[in-house]
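Peer 1: Compact mmCIF, C-alpha atoms and all ligand atoms, saved as input.txt, coming up:
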```txt
# COMPACT_ATOMS: atom_id res chain seq x y z
CA VAL C 1 -4.77 30.75 6.08
CA ASP C 2 -7.74 32.83 4.99
CA THR C 3 -6.85 35.06 2.01
CA HIS C 4 -9.52 37.38 0.79
CA ILE C 5 -9.38 40.07 -1.92
CA ARG C 6 -11.75 43.01 -1.52
CA GLY C 7 -12.15 46.57 -2.74
CA TYR C 8 -9.86 49.21 -1.29
CA ARG C 9 -11.32 51.56 1.36
CA ALA C 10 -9.88 54.94 2.39
CA THR C 11 -9.21 53.50 5.86
CA ASP C 12 -6.68 51.08 4.25
CA ALA C 13 -4.43 53.94 3.09
CA ASP C 14 -1.88 53.86 5.91
CA ALA C 15 -1.52 50.07 5.79
CA VAL C 16 -1.11 50.08 2.00
CA VAL C 17 1.51 52.84 2.03
CA ALA C 18 3.43 51.11 4.84
CA LEU C 19 3.50 47.73 3.08
CA SER C 20 4.48 49.43 -0.18
CA LEU C 21 7.55 50.98 1.43
CA ARG C 22 8.56 47.61 2.93
CA THR C 23 7.94 45.84 -0.36
CA TRP C 24 9.76 48.30 -2.61
CA GLY C 25 12.86 48.53 -0.38
CA PRO C 26 14.65 45.53 -1.94
CA ILE C 27 13.55 46.69 -5.41
CA HIS C 28 15.29 50.04 -4.94
CA ASP C 29 18.42 48.30 -3.61
CA SER C 30 18.48 46.23 -6.79
CA LEU C 31 17.91 49.27 -9.01
CA ARG C 32 20.72 51.15 -7.28
CA ASP C 33 23.06 48.20 -7.94
CA VAL C 34 22.13 48.12 -11.63
CA MET C 35 22.15 51.87 -12.40
CA GLY C 36 24.70 53.15 -9.91
CA ASP C 37 24.38 55.95 -7.36
CA ALA C 38 24.62 58.91 -9.77
CA ILE C 39 21.59 57.88 -11.83
CA PHE C 40 19.70 56.50 -8.83
CA GLN C 41 19.94 59.78 -6.92
CA ARG C 42 18.87 61.83 -9.93
CA LEU C 43 15.84 59.59 -10.51
CA PHE C 44 14.69 59.06 -6.93
CA GLY C 45 16.06 62.06 -5.00
CA PRO C 46 17.61 61.91 -1.54
CA ASP C 47 15.03 59.39 -0.27
CA TRP C 48 13.23 57.08 -2.75
CA ARG C 49 10.46 56.61 -0.14
CA ASP C 50 9.12 60.14 -0.73
CA GLN C 51 8.41 59.51 -4.41
CA GLN C 52 7.14 55.99 -3.77
CA ARG C 53 4.72 57.16 -1.07
CA ALA C 54 3.43 59.92 -3.37
CA ASP C 55 2.99 57.50 -6.30
CA VAL C 56 1.03 55.05 -4.16
CA GLU C 57 -1.14 57.79 -2.63
CA ASP C 58 -1.87 59.18 -6.11
CA ALA C 59 -2.96 55.73 -7.31
CA LEU C 60 -5.16 55.21 -4.24
CA THR C 61 -6.98 58.52 -4.74
CA ASP C 62 -7.19 58.47 -8.56
CA GLU C 63 -10.90 58.18 -9.41
CA SER C 64 -10.19 56.27 -12.63
CA MET C 65 -8.06 53.65 -10.83
CA GLU C 66 -9.66 50.47 -9.47
CA VAL C 67 -7.86 49.28 -6.32
CA TRP C 68 -8.06 46.06 -4.32
CA VAL C 69 -6.43 44.88 -1.12
CA ALA C 70 -5.56 41.32 -0.11
CA GLU C 71 -6.38 40.49 3.49
CA VAL C 72 -4.65 37.51 5.07
CA ASP C 73 -6.21 36.50 8.38
CA GLY C 74 -7.57 40.05 8.68
CA THR C 75 -4.27 41.83 7.92
CA VAL C 76 -3.82 43.97 4.80
CA ALA C 77 -1.05 41.99 3.07
CA GLY C 78 -1.03 43.41 -0.45
CA PHE C 79 -2.76 45.58 -3.00
CA ALA C 80 -3.21 46.06 -6.72
CA ALA C 81 -4.41 48.94 -8.89
CA ALA C 82 -5.68 48.78 -12.47
CA ILE C 83 -6.90 51.31 -15.01
CA VAL C 84 -8.64 51.23 -18.39
CA LYS C 85 -6.28 53.03 -20.79
CA ALA C 86 -8.35 52.69 -23.96
CA PRO C 87 -12.01 51.70 -23.62
CA GLY C 88 -12.52 48.48 -25.59
CA GLY C 89 -8.75 48.06 -25.88
CA LEU C 90 -5.86 48.27 -23.47
CA GLY C 91 -6.04 47.98 -19.70
CA GLU C 92 -3.08 48.30 -17.36
CA VAL C 93 -2.28 46.65 -14.06
CA TYR C 94 -0.61 49.77 -12.73
CA MET C 95 0.72 48.57 -9.37
CA VAL C 96 0.87 45.32 -7.44
CA ALA C 97 2.69 44.66 -4.18
CA VAL C 98 2.61 42.02 -1.46
CA ASP C 99 4.16 42.65 1.96
CA PRO C 100 7.37 40.57 2.23
CA PRO C 101 6.13 38.33 5.11
CA PHE C 102 3.17 37.32 2.92
CA GLN C 103 5.02 36.76 -0.38
CA ASN C 104 5.30 33.42 -2.18
CA ARG C 105 1.91 32.19 -1.03
CA GLY C 106 0.00 33.00 -4.19
CA VAL C 107 -1.37 36.36 -3.00
CA GLY C 108 0.25 38.30 -5.88
CA THR C 109 -1.13 35.83 -8.42
CA ARG C 110 -4.62 36.22 -6.99
CA LEU C 111 -4.36 40.02 -7.11
CA MET C 112 -3.25 39.84 -10.77
CA ASN C 113 -6.18 37.59 -11.63
CA VAL C 114 -8.72 39.85 -9.89
CA ALA C 115 -7.25 42.86 -11.75
CA THR C 116 -7.35 41.22 -15.18
CA ASP C 117 -10.88 39.85 -14.57
CA TRP C 118 -11.97 43.40 -13.76
CA LEU C 119 -10.27 44.82 -16.88
CA ARG C 120 -12.00 42.17 -19.01
CA ASP C 121 -15.37 43.00 -17.45
CA ALA C 122 -14.64 46.70 -18.08
CA GLY C 123 -14.38 45.85 -21.80
CA CYS C 124 -10.62 45.63 -22.26
CA SER C 125 -9.35 43.09 -24.79
CA ILE C 126 -5.69 43.20 -23.72
CA ALA C 127 -3.84 43.89 -20.49
CA VAL C 128 -0.32 45.20 -19.89
CA VAL C 129 1.85 45.32 -16.79
CA SER C 130 5.29 46.95 -16.93
CA THR C 131 8.21 45.94 -14.77
CA GLY C 132 12.00 45.96 -14.59
CA GLY C 133 14.44 43.49 -16.08
CA ASP C 134 16.72 43.78 -13.04
CA PRO C 135 17.18 41.01 -10.45
CA GLY C 136 14.92 42.80 -7.93
CA HIS C 137 11.99 42.39 -10.28
CA ALA C 138 12.51 38.65 -10.85
CA PRO C 139 9.59 37.73 -8.54
CA ALA C 140 7.36 40.23 -10.40
CA ARG C 141 8.30 38.74 -13.78
CA ALA C 142 7.65 35.20 -12.50
CA THR C 143 4.28 36.27 -11.10
CA TYR C 144 3.19 37.93 -14.37
CA GLU C 145 4.26 34.95 -16.45
CA ARG C 146 2.39 32.62 -14.10
CA ALA C 147 -0.66 34.85 -14.57
CA GLY C 148 -0.44 34.29 -18.33
CA PHE C 149 1.31 37.46 -19.50
CA THR C 150 3.74 37.25 -22.44
CA PRO C 151 6.98 39.20 -21.80
CA VAL C 152 8.07 41.73 -24.43
CA PRO C 153 11.49 43.03 -23.30
CA ALA C 154 12.22 46.75 -23.40
CA VAL C 155 15.28 48.61 -22.10
CA ASN C 156 15.56 52.11 -20.63
CA TYR C 157 18.95 53.81 -21.06
CA PHE C 158 19.90 56.53 -18.57
CA LYS C 159 22.82 58.94 -18.58
CA ALA C 160 23.66 61.17 -15.64
CA LEU C 161 24.17 64.74 -16.89
C1 LIG M 201 5.57 40.66 -7.41
C2 LIG M 201 4.85 40.33 -6.11
C3 LIG M 201 3.61 41.20 -6.02
C4 LIG M 201 4.42 38.86 -6.13
O1 LIG M 201 3.64 38.61 -4.97
P1 LIG M 201 3.60 37.14 -4.32
O2 LIG M 201 2.41 37.11 -3.42
O3 LIG M 201 4.89 36.76 -3.75
O4 LIG M 201 3.28 36.29 -5.62
P2 LIG M 201 3.01 34.72 -5.77
O5 LIG M 201 3.21 34.03 -4.48
O6 LIG M 201 1.66 34.59 -6.42
O7 LIG M 201 4.08 34.29 -6.85
C5 LIG M 201 5.44 34.60 -6.64
C6 LIG M 201 6.25 34.06 -7.78
O8 LIG M 201 7.54 34.66 -7.71
C7 LIG M 201 8.52 33.63 -7.75
N1 LIG M 201 9.72 34.13 -7.09
C8 LIG M 201 9.86 34.49 -5.81
N2 LIG M 201 11.12 34.92 -5.59
C9 LIG M 201 11.77 34.82 -6.78
C10 LIG M 201 13.08 35.12 -7.21
N3 LIG M 201 13.98 35.63 -6.37
N4 LIG M 201 13.39 34.91 -8.51
C11 LIG M 201 12.47 34.43 -9.37
N5 LIG M 201 11.20 34.12 -9.02
C12 LIG M 201 10.87 34.32 -7.74
C13 LIG M 201 7.85 32.49 -7.05
O9 LIG M 201 8.48 31.28 -7.33
C14 LIG M 201 6.47 32.56 -7.66
O10 LIG M 201 6.43 32.07 -9.00
P3 LIG M 201 5.92 30.58 -9.30
O11 LIG M 201 4.58 30.50 -8.71
O12 LIG M 201 5.95 30.50 -10.79
O13 LIG M 201 6.89 29.69 -8.60
C15 LIG M 201 5.78 40.52 -4.89
O14 LIG M 201 6.96 39.78 -5.08
C16 LIG M 201 6.15 41.96 -4.64
O15 LIG M 201 5.39 42.70 -4.02
N6 LIG M 201 7.34 42.37 -5.11
C17 LIG M 201 7.86 43.70 -4.89
C18 LIG M 201 7.05 44.75 -5.60
C19 LIG M 201 7.05 44.55 -7.09
O16 LIG M 201 8.02 44.13 -7.70
N7 LIG M 201 5.91 44.88 -7.65
C20 LIG M 201 5.77 44.87 -9.04
C21 LIG M 201 6.48 46.06 -9.55
S1 LIG M 201 6.30 46.29 -11.28
```
Give the structure from the file, written as structure tokens.
Ligand SMILES: CC(C)(COP(=O)(O)OP(=O)(O)OC[C@H]1O[C@@H](n2cnc3c(N)ncnc32)[C@H](O)[C@@H]1OP(=O)(O)O)[C@@H](O)C(=O)NCCC(=O)NCCS
Peer 2:
Amino acid sequence: VDTHIRGYRATDADAVVALSLRTWGPIHDSLRDVMGDAIFQRLFGPDWRDQQRADVEDALTDESMEVWVAEVDGTVAGFAAAIVKAPGGLGEVYMVAVDPPFQNRGVGTRLMNVATDWLRDAGCSIAVVSTGGDPGHAPARATYERAGFTPVPAVNYFKAL
């Protein structure tokens, strides 16, 4: 299998959005289980895909965001986006996703390493990536720990009003 990470191009947009929606489906199922329907609907609206699509499109078009895609045998299989938050200080891996058929082959780990190498070269001395503590994010947590990140747990409390 030939896996190759390269810079994002505008012509990748449709493929990246499509894989994002496939990838984040199970995540939203897990979040709904943890938070319940009342909070889930207030946070994500009638269809979580609308917000997710908009978030991904915003990241892809944000001039200050650096974006990569992973190509596996010529197919766009994943992407990552990173941003310098404080020059000389903090950088963030803002998004990473690998299409489900291509998961568990090391693609996510490679995307994380490309993103942190870029943040280091951009002058950052520390990198952060934020994720959930719910079961749906277990693969993300494993991937970040494998990439050398130290977990610092945080909890968000929601109340439907
Ligand atoms: C996180 C993600 C990008 C990882 O991509 P990937 O290409 O599968 O990553 P890798 O193959 O490099 O590594 C996957 C790791 O997850 C682990 N993993 C897979 N399923 C798991 C599960 N259900 N529970 C715990 N760990 C799991 C694998 O064992 C592997 O870790 P290891 O190498 O220490 O064994 C991918 O799972 C994904 O897109 N998830 C949905 C979107 C998401 O959560 N993005 C991050 C949001 S903050």
Peer 1: Env of C:Ala115: 12 Å cut, atoms = only C-alpha atoms, seq-sep filter 3 positions within chain, self excluded. Answer as JSON, numbers by chain.
Peer 2: {"C": [5, 6, 7, 65, 66, 67, 68, 69, 70, 79, 80, 81, 82, 83, 84, 91, 92, 93, 94, 95, 96, 108, 109, 110, 111, 112, 118, 119, 120, 121, 122, 124, 127, 128, 129, 144, 147]}
Peer 1: Report as a ChimeraX atom specification which protein, DNA and RNA residues come within 10 Å of ligand LIG 201 (chain M), using all atoms listed in the file.
Peer 2: /C:19-28,70,77-80,93-113,129-133,135-147
Peer 1: Identify which of the residues C:Asp58, C:Lys85, C:Asp29, C:Val114 lies closest to C:Phe44, counting all atoms listed in the file when measuring atom-to-atom distances.
Peer 2: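 When distances to C:Phe44 are compared using all atoms listed in the file, the smallest one comes from C:Asp29.
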Peer 1: Select, from C:Ala10, C:Ala86, C:Ala38, C:Val17, the residue with the minimum atom-to-atom distance to C:Phe158, counting all atoms listed in the file.
Peer 2: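 Going through C:Ala10, C:Ala86, C:Ala38, C:Val17 one by one, the smallest distance to C:Phe158 is for C:Ala38.
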Peer 1: How many Å lie between atom CA of C:Val34 and atom CA of C:Gln52, rounded to one decimal?
Peer 2: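 So the answer is 18.7 Å.
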Peer 1: Could you tell me how far atom CA of C:Ser30 lies from atom CA of C:Leu161, in Å and to one decimal?
Peer 2: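 If I compute the distance from atom CA of C:Ser30 to atom CA of C:Leu161, I get 21.8 Å.
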Peer 1: In Å, rounded to a single decimal, give me how far atom CA of C:Arg53 is from atom CA of C:Gly36.
Peer 2: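 For atom CA of C:Gly36 relative to atom CA of C:Arg53, the distance reads 22.2 Å.
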Peer 1: Could you check the closest approach to C:Asp134 for each of C:Val152, C:Ala54, C:Met35, C:Val1 and tell me which residue wins, using all atoms listed in the file?
Peer 2: C:Met35
Peer 1: Would you list the contacts of C:Ser125 as a VMD selection string, taking every protein, DNA or RNA residue within 7 Å and counting all atoms listed in the file, but skipping same-chain residues closer than 2 positions in sequence?
Peer 2: chain C and resid 88 to 90 120 123
Peer 1: Please write the residues from the selection above to a file, keeping C-alpha atoms, as a tab-separated table (two decimals), keeping the file's coordinate frame.
Peer 2:
```tsv
chain	number	residue	atom	x	y	z
C	88	GLY	CA	-12.52	48.48	-25.59
C	89	GLY	CA	-8.75	48.06	-25.88
C	90	LEU	CA	-5.86	48.27	-23.47
C	120	ARG	CA	-12.00	42.17	-19.01
C	123	GLY	CA	-14.38	45.85	-21.80
```
Peer 1: From the set C:Glu57, C:Asp73, C:Glu63, C:Asp117, which residue has the shortest atom-to-atom contact distance to C:Ala15, counting all atoms listed in the file?
Peer 2: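 Closest to C:Ala15, using all atoms listed in the file: C:Glu57.
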Peer 1: Please determine, counting only C-alpha atoms, which residue among C:Thr75, C:Gln51, C:Thr61, C:Thr116 has the shortest atom-to-atom distance to C:Arg9.
Peer 2: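 Of C:Thr75, C:Gln51, C:Thr61, C:Thr116, the one nearest C:Arg9 is C:Thr61, counting only C-alpha atoms.
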Peer 1: Please supply stretch 14-43 of chain C, rebuilt with N, CA and C atoms, as a JSON list (two decimals), in the frame of the given file.
Peer 2:
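selection_38.json written:
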```json
[["chain", "number", "residue", "atom", "x", "y", "z"],
["C", 14, "ASP", "N", -3.14, 53.93, 5.16],
["C", 14, "ASP", "CA", -1.88, 53.86, 5.91],
["C", 14, "ASP", "C", -1.24, 52.48, 5.79],
["C", 15, "ALA", "N", -2.06, 51.44, 5.88],
["C", 15, "ALA", "CA", -1.52, 50.07, 5.79],
["C", 15, "ALA", "C", -0.93, 49.81, 4.40],
["C", 16, "VAL", "N", -1.60, 50.31, 3.36],
["C", 16, "VAL", "CA", -1.11, 50.08, 2.00],
["C", 16, "VAL", "C", 0.20, 50.83, 1.75],
["C", 17, "VAL", "N", 0.26, 52.08, 2.20],
["C", 17, "VAL", "CA", 1.51, 52.84, 2.03],
["C", 17, "VAL", "C", 2.64, 52.16, 2.80],
["C", 18, "ALA", "N", 2.37, 51.73, 4.02],
["C", 18, "ALA", "CA", 3.43, 51.11, 4.84],
["C", 18, "ALA", "C", 3.94, 49.82, 4.18],
["C", 19, "LEU", "N", 3.03, 48.99, 3.69],
["C", 19, "LEU", "CA", 3.50, 47.73, 3.08],
["C", 19, "LEU", "C", 4.22, 48.02, 1.76],
["C", 20, "SER", "N", 3.80, 49.07, 1.08],
["C", 20, "SER", "CA", 4.48, 49.43, -0.18],
["C", 20, "SER", "C", 5.94, 49.79, 0.08],
["C", 21, "LEU", "N", 6.17, 50.56, 1.13],
["C", 21, "LEU", "CA", 7.55, 50.98, 1.43],
["C", 21, "LEU", "C", 8.39, 49.77, 1.83],
["C", 22, "ARG", "N", 7.82, 48.83, 2.59],
["C", 22, "ARG", "CA", 8.56, 47.61, 2.93],
["C", 22, "ARG", "C", 8.84, 46.79, 1.67],
["C", 23, "THR", "N", 7.83, 46.68, 0.83],
["C", 23, "THR", "CA", 7.94, 45.84, -0.36],
["C", 23, "THR", "C", 8.93, 46.40, -1.36],
["C", 24, "TRP", "N", 8.92, 47.71, -1.56],
["C", 24, "TRP", "CA", 9.76, 48.30, -2.61],
["C", 24, "TRP", "C", 11.19, 48.61, -2.13],
["C", 25, "GLY", "N", 11.49, 48.35, -0.86],
["C", 25, "GLY", "CA", 12.86, 48.53, -0.38],
["C", 25, "GLY", "C", 13.87, 47.69, -1.16],
["C", 26, "PRO", "N", 13.70, 46.37, -1.20],
["C", 26, "PRO", "CA", 14.65, 45.53, -1.94],
["C", 26, "PRO", "C", 14.72, 45.86, -3.43],
["C", 27, "ILE", "N", 13.59, 46.32, -3.98],
["C", 27, "ILE", "CA", 13.55, 46.69, -5.41],
["C", 27, "ILE", "C", 14.49, 47.88, -5.64],
["C", 28, "HIS", "N", 14.43, 48.86, -4.76],
["C", 28, "HIS", "CA", 15.29, 50.04, -4.94],
["C", 28, "HIS", "C", 16.75, 49.69, -4.71],
["C", 29, "ASP", "N", 17.03, 48.76, -3.78],
["C", 29, "ASP", "CA", 18.42, 48.30, -3.61],
["C", 29, "ASP", "C", 18.93, 47.68, -4.91],
["C", 30, "SER", "N", 18.09, 46.89, -5.53],
["C", 30, "SER", "CA", 18.48, 46.23, -6.79],
["C", 30, "SER", "C", 18.68, 47.25, -7.90],
["C", 31, "LEU", "N", 17.77, 48.24, -7.97],
["C", 31, "LEU", "CA", 17.91, 49.27, -9.01],
["C", 31, "LEU", "C", 19.19, 50.08, -8.81],
["C", 32, "ARG", "N", 19.50, 50.38, -7.55],
["C", 32, "ARG", "CA", 20.72, 51.15, -7.28],
["C", 32, "ARG", "C", 21.95, 50.36, -7.73],
["C", 33, "ASP", "N", 21.94, 49.05, -7.49],
["C", 33, "ASP", "CA", 23.06, 48.20, -7.94],
["C", 33, "ASP", "C", 23.22, 48.25, -9.45],
["C", 34, "VAL", "N", 22.08, 48.20, -10.16],
["C", 34, "VAL", "CA", 22.13, 48.12, -11.63],
["C", 34, "VAL", "C", 22.52, 49.46, -12.24],
["C", 35, "MET", "N", 21.95, 50.57, -11.72],
["C", 35, "MET", "CA", 22.15, 51.87, -12.40],
["C", 35, "MET", "C", 23.24, 52.71, -11.79],
["C", 36, "GLY", "N", 23.67, 52.37, -10.57],
["C", 36, "GLY", "CA", 24.70, 53.15, -9.91],
["C", 36, "GLY", "C", 24.12, 54.36, -9.19],
["C", 37, "ASP", "N", 24.87, 54.89, -8.22],
["C", 37, "ASP", "CA", 24.38, 55.95, -7.36],
["C", 37, "ASP", "C", 24.02, 57.23, -8.11],
["C", 38, "ALA", "N", 24.84, 57.61, -9.11],
["C", 38, "ALA", "CA", 24.62, 58.91, -9.77],
["C", 38, "ALA", "C", 23.25, 58.95, -10.43],
["C", 39, "ILE", "N", 22.89, 57.90, -11.15],
["C", 39, "ILE", "CA", 21.59, 57.88, -11.83],
["C", 39, "ILE", "C", 20.48, 57.68, -10.81],
["C", 40, "PHE", "N", 20.72, 56.78, -9.85],
["C", 40, "PHE", "CA", 19.70, 56.50, -8.83],
["C", 40, "PHE", "C", 19.27, 57.77, -8.11],
["C", 41, "GLN", "N", 20.27, 58.57, -7.68],
["C", 41, "GLN", "CA", 19.94, 59.78, -6.92],
["C", 41, "GLN", "C", 19.19, 60.80, -7.77],
["C", 42, "ARG", "N", 19.57, 60.89, -9.05],
["C", 42, "ARG", "CA", 18.87, 61.83, -9.93],
["C", 42, "ARG", "C", 17.42, 61.40, -10.14],
["C", 43, "LEU", "N", 17.20, 60.08, -10.25],
["C", 43, "LEU", "CA", 15.84, 59.59, -10.51],
["C", 43, "LEU", "C", 14.96, 59.63, -9.27]]
```
